[in-house]
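Chemist: Before we start, here is the structure in question, set down as structure tokens.
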Amino acid sequence: MIYLEQTLFKIVDTPIVVEEVSDKVKSRNAGAITVFIGTVRELTKGKKTLSLEYQAYETMAVKKLAQIGDEINEKWPEAIVAITHRVGRLAISDIAVVIAVSSPHRKVAYEANEYAIERIKQIVPIWKKEFWEDGTMWIGDQLENTPYQEGKPSVEESK
Amino acid sequence: MIKVLLFAHLREKAGTDELTVTDQNGINVKELKNLLMNNYDLPQLNQIMTAVNEEFVTDEEIVNDGDTVAFIPPVSGG
């Protein structure tokens, strides 16, 4: 089971192959697999991004991804989830994250998948640096984007 | 010895990804933040989340020798 957890939740520094993630949640009981592909967007509020760098606290990030998997298993026991997030320098349209969820029926697969991306943005220690023509910035530390209300999650929220 | 990990803008500001703190066994997180801000060129840490041994903690958490403390700026993955 430990081995399985490690492979279901991964941080990688190479391009993500979508089907490798979705294959992990295949099941004879599944009637649906939803796949979320997060990609690098060029324009944010009219500002042009040239490229991005993602940095992770890797060991903790894997634990927190697995925690999201546990939360999903509690809320939707029939769902199977796999998440891979990429770190390092990414170009526009590159895939930053892939979340695959399978379940017997589609509604759970959709809901659990959306839950996973929302939780990633709350509790998983991964940071994005945007590179523009006129500068750079770590997103999350300034007003461009506020992933936490009041600047941080409550400890309760993050557990 | 307490190991302190820095990420994102904190790492860039400090110019290092890791600091070590000695002779502070039993310090709490808030005190550790103040100690580091007084001794290094670091941005304000008061509003920043902390993890000890990879779990989020409050500022009152006690830190012991051998622990790994990480300051976790607001995350922006996904």
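Residue names in the structure tokens use chain letters A, B, ... in the order shown, residue numbers from 1 in each chain, and ligand numbers from 1 in the order shown.
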May I have a table of the residues of segment 59-128 of chain A lying at most 12 Å from segment 31-38 of chain A, giving each one's closest pair of atoms and their distance in Å to one decimal, counting only C-alpha atoms, ordered by chain and ascending residue number, as JSON lines?
Modeler:
{"residue": "A:Glu78", "atom": "CA", "partner": "A:Gly31", "partner_atom": "CA", "distance": 11.0}
{"residue": "A:Ala79", "atom": "CA", "partner": "A:Ile33", "partner_atom": "CA", "distance": 9.5}
{"residue": "A:Ile80", "atom": "CA", "partner": "A:Ile33", "partner_atom": "CA", "distance": 9.2}
{"residue": "A:Val81", "atom": "CA", "partner": "A:Ile33", "partner_atom": "CA", "distance": 9.5}
{"residue": "A:Ala82", "atom": "CA", "partner": "A:Val35", "partner_atom": "CA", "distance": 9.6}
{"residue": "A:Ile83", "atom": "CA", "partner": "A:Phe36", "partner_atom": "CA", "distance": 9.4}
{"residue": "A:Thr84", "atom": "CA", "partner": "A:Ile37", "partner_atom": "CA", "distance": 10.0}
{"residue": "A:His85", "atom": "CA", "partner": "A:Gly38", "partner_atom": "CA", "distance": 9.2}
{"residue": "A:Arg86", "atom": "CA", "partner": "A:Gly38", "partner_atom": "CA", "distance": 10.2}
{"residue": "A:Leu90", "atom": "CA", "partner": "A:Gly38", "partner_atom": "CA", "distance": 12.0}
{"residue": "A:Ile92", "atom": "CA", "partner": "A:Gly38", "partner_atom": "CA", "distance": 11.4}
{"residue": "A:Ser93", "atom": "CA", "partner": "A:Gly38", "partner_atom": "CA", "distance": 9.0}
{"residue": "A:Asp94", "atom": "CA", "partner": "A:Gly38", "partner_atom": "CA", "distance": 8.5}
{"residue": "A:Ile95", "atom": "CA", "partner": "A:Gly38", "partner_atom": "CA", "distance": 5.8}
{"residue": "A:Ala96", "atom": "CA", "partner": "A:Gly38", "partner_atom": "CA", "distance": 5.5}
{"residue": "A:Val97", "atom": "CA", "partner": "A:Gly38", "partner_atom": "CA", "distance": 5.0}
{"residue": "A:Val98", "atom": "CA", "partner": "A:Ile37", "partner_atom": "CA", "distance": 4.7}
{"residue": "A:Ile99", "atom": "CA", "partner": "A:Phe36", "partner_atom": "CA", "distance": 5.0}
{"residue": "A:Ala100", "atom": "CA", "partner": "A:Val35", "partner_atom": "CA", "distance": 4.5}
{"residue": "A:Val101", "atom": "CA", "partner": "A:Thr34", "partner_atom": "CA", "distance": 5.3}
{"residue": "A:Ser102", "atom": "CA", "partner": "A:Ile33", "partner_atom": "CA", "distance": 4.2}
{"residue": "A:Ser103", "atom": "CA", "partner": "A:Ala32", "partner_atom": "CA", "distance": 5.7}
{"residue": "A:Pro104", "atom": "CA", "partner": "A:Gly31", "partner_atom": "CA", "distance": 4.4}
{"residue": "A:His105", "atom": "CA", "partner": "A:Gly31", "partner_atom": "CA", "distance": 5.3}
{"residue": "A:Arg106", "atom": "CA", "partner": "A:Ala32", "partner_atom": "CA", "distance": 5.1}
{"residue": "A:Lys107", "atom": "CA", "partner": "A:Ala32", "partner_atom": "CA", "distance": 8.7}
{"residue": "A:Val108", "atom": "CA", "partner": "A:Ala32", "partner_atom": "CA", "distance": 8.9}
{"residue": "A:Ala109", "atom": "CA", "partner": "A:Thr34", "partner_atom": "CA", "distance": 5.7}
{"residue": "A:Tyr110", "atom": "CA", "partner": "A:Thr34", "partner_atom": "CA", "distance": 6.1}
{"residue": "A:Glu111", "atom": "CA", "partner": "A:Thr34", "partner_atom": "CA", "distance": 9.4}
{"residue": "A:Ala112", "atom": "CA", "partner": "A:Thr34", "partner_atom": "CA", "distance": 9.1}
{"residue": "A:Asn113", "atom": "CA", "partner": "A:Thr34", "partner_atom": "CA", "distance": 6.9}
{"residue": "A:Glu114", "atom": "CA", "partner": "A:Phe36", "partner_atom": "CA", "distance": 8.2}
{"residue": "A:Tyr115", "atom": "CA", "partner": "A:Phe36", "partner_atom": "CA", "distance": 11.1}
{"residue": "A:Ala116", "atom": "CA", "partner": "A:Phe36", "partner_atom": "CA", "distance": 9.6}
{"residue": "A:Ile117", "atom": "CA", "partner": "A:Phe36", "partner_atom": "CA", "distance": 8.3}
{"residue": "A:Glu118", "atom": "CA", "partner": "A:Phe36", "partner_atom": "CA", "distance": 11.7}
{"residue": "A:Ile120", "atom": "CA", "partner": "A:Gly38", "partner_atom": "CA", "distance": 11.6}
{"residue": "A:Lys121", "atom": "CA", "partner": "A:Gly38", "partner_atom": "CA", "distance": 11.9}
Chemist: Keeping C-alpha atoms for every residue in the selection just given, could you write it to a file as a PDB file, in the first residue's frame?
Modeler:
ATOM      1  CA  GLU A  78     -15.522   4.538  -4.359  1.00  0.00           C
ATOM      2  CA  ALA A  79     -13.178   7.073  -6.001  1.00  0.00           C
ATOM      3  CA  ILE A  80      -9.566   6.326  -6.944  1.00  0.00           C
ATOM      4  CA  VAL A  81      -7.283   9.339  -7.407  1.00  0.00           C
ATOM      5  CA  ALA A  82      -3.802   9.899  -8.826  1.00  0.00           C
ATOM      6  CA  ILE A  83      -1.993  13.236  -8.970  1.00  0.00           C
ATOM      7  CA  THR A  84       1.300  14.216 -10.605  1.00  0.00           C
ATOM      8  CA  HIS A  85       2.689  17.750 -10.319  1.00  0.00           C
ATOM      9  CA  ARG A  86       5.691  18.956 -12.257  1.00  0.00           C
ATOM     10  CA  LEU A  90       7.914  25.295 -17.713  1.00  0.00           C
ATOM     11  CA  ILE A  92       3.566  28.319 -22.036  1.00  0.00           C
ATOM     12  CA  SER A  93       1.078  25.447 -22.550  1.00  0.00           C
ATOM     13  CA  ASP A  94       3.260  22.934 -20.711  1.00  0.00           C
ATOM     14  CA  ILE A  95       1.405  20.654 -18.327  1.00  0.00           C
ATOM     15  CA  ALA A  96       1.979  21.564 -14.687  1.00  0.00           C
ATOM     16  CA  VAL A  97      -0.389  19.136 -13.005  1.00  0.00           C
ATOM     17  CA  VAL A  98      -2.546  16.147 -13.906  1.00  0.00           C
ATOM     18  CA  ILE A  99      -5.292  14.806 -11.652  1.00  0.00           C
ATOM     19  CA  ALA A 100      -7.110  11.608 -12.586  1.00  0.00           C
ATOM     20  CA  VAL A 101     -10.114  10.274 -10.691  1.00  0.00           C
ATOM     21  CA  SER A 102     -12.076   7.146 -11.462  1.00  0.00           C
ATOM     22  CA  SER A 103     -15.365   6.069  -9.944  1.00  0.00           C
ATOM     23  CA  PRO A 104     -18.336   3.877 -10.816  1.00  0.00           C
ATOM     24  CA  HIS A 105     -20.369   6.961 -11.787  1.00  0.00           C
ATOM     25  CA  ARG A 106     -19.334  10.234 -13.406  1.00  0.00           C
ATOM     26  CA  LYS A 107     -20.651  12.698 -10.805  1.00  0.00           C
ATOM     27  CA  VAL A 108     -18.228  11.553  -8.143  1.00  0.00           C
ATOM     28  CA  ALA A 109     -15.354  11.543 -10.629  1.00  0.00           C
ATOM     29  CA  TYR A 110     -16.065  15.193 -11.509  1.00  0.00           C
ATOM     30  CA  GLU A 111     -16.616  16.342  -7.935  1.00  0.00           C
ATOM     31  CA  ALA A 112     -13.604  14.588  -6.455  1.00  0.00           C
ATOM     32  CA  ASN A 113     -11.388  15.910  -9.233  1.00  0.00           C
ATOM     33  CA  GLU A 114     -12.414  19.509  -8.583  1.00  0.00           C
ATOM     34  CA  TYR A 115     -11.949  18.969  -4.845  1.00  0.00           C
ATOM     35  CA  ALA A 116      -8.396  17.765  -5.490  1.00  0.00           C
ATOM     36  CA  ILE A 117      -7.295  20.866  -7.434  1.00  0.00           C
ATOM     37  CA  GLU A 118      -8.870  23.206  -4.874  1.00  0.00           C
ATOM     38  CA  ILE A 120      -3.740  21.501  -3.964  1.00  0.00           C
ATOM     39  CA  LYS A 121      -4.067  25.265  -4.073  1.00  0.00           C
TER      40      LYS A 121
END
Chemist: Could you make a table, as CSV, of the residues of chain A that have an atom within 6 Å of an atom of chain B, each with its nearest atom pair and distance in Å to one decimal, counting only C-alpha atoms, in chain and number order?
Modeler:
residue,atom,partner,partner_atom,distance
A:Met60,CA,B:Glu54,CA,5.2
A:Val97,CA,B:Gly78,CA,5.8
A:Lys121,CA,B:Gly77,CA,5.8
A:Pro125,CA,B:Val75,CA,5.7
A:Ile126,CA,B:Gly77,CA,4.8
A:Trp127,CA,B:Ser76,CA,4.7
A:Lys128,CA,B:Ser76,CA,5.5
A:Gly140,CA,B:Pro74,CA,5.0
Chemist: What is the atom CA of Asp70 of chain A to atom CA of Arg119 of chain A distance in Å?
Modeler: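 For atom CA of Asp70 of chain A relative to atom CA of Arg119 of chain A, the distance reads 11.9 Å.
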Chemist: Please, which residues of chain B, numbered as in this document, come out helix (DSSP H, G or I) from DSSP, as an MDAnalysis selection string?
Modeler: chainID B and resid 8:14 29:39
Chemist: Produce a file of the selected residues containing C-alpha atoms, as a PDB file, in the first residue's frame.
Modeler:
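out-v6.pdb, freshly written:
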ATOM      1  CA  ALA B   8      10.230  30.683  -2.923  1.00  0.00           C
ATOM      2  CA  HIS B   9      10.857  34.387  -2.164  1.00  0.00           C
ATOM      3  CA  LEU B  10      12.265  33.560   1.280  1.00  0.00           C
ATOM      4  CA  ARG B  11      14.981  31.419  -0.285  1.00  0.00           C
ATOM      5  CA  GLU B  12      15.875  34.168  -2.754  1.00  0.00           C
ATOM      6  CA  LYS B  13      15.957  36.885  -0.129  1.00  0.00           C
ATOM      7  CA  ALA B  14      18.109  34.835   2.243  1.00  0.00           C
ATOM      8  CA  VAL B  29       7.971  28.759  16.381  1.00  0.00           C
ATOM      9  CA  LYS B  30       7.199  32.400  17.055  1.00  0.00           C
ATOM     10  CA  GLU B  31      10.473  32.863  18.938  1.00  0.00           C
ATOM     11  CA  LEU B  32      12.350  31.062  16.188  1.00  0.00           C
ATOM     12  CA  LYS B  33      10.853  33.376  13.562  1.00  0.00           C
ATOM     13  CA  ASN B  34      11.909  36.435  15.555  1.00  0.00           C
ATOM     14  CA  LEU B  35      15.402  35.025  16.085  1.00  0.00           C
ATOM     15  CA  LEU B  36      15.835  34.407  12.359  1.00  0.00           C
ATOM     16  CA  MET B  37      14.451  37.793  11.338  1.00  0.00           C
ATOM     17  CA  ASN B  38      16.909  39.451  13.736  1.00  0.00           C
ATOM     18  CA  ASN B  39      19.894  37.511  12.452  1.00  0.00           C
TER      19      ASN B  39
END
Chemist: Have a look at atom CA of Glu18 of chain B and atom CA of Ile139 of chain A and let me know their distance in Å, one decimal.
Modeler: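 Atom-to-atom, atom CA of Glu18 of chain B and atom CA of Ile139 of chain A are spaced 20.9 Å apart.
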Chemist: Could you name the residues that touch Thr20 of chain B at 7 Å or less, counting only C-alpha atoms, but leaving out those on the same chain fewer than 2 positions away, as a PyMOL selection string?
Modeler: chain B and resi 1-4+18+22
Chemist: What parts of chain B does DSSP call strand (DSSP E or B)? I'd like the answer as a ChimeraX atom specification.
Modeler: /B:2-5,18-21,27-28,49-52,55-57,62-63,68-72
Chemist: Interatomic distance between atom CA of Lys63 of chain A and atom CA of Gly88 of chain A?
Modeler: 19.3 Å
Chemist: Under the rule that only C-alpha atoms are counted, which of B:Val63, B:Ile27, B:Val69, B:Leu19 is the nearest residue to Tyr40 of chain B?
Modeler: B:Leu19
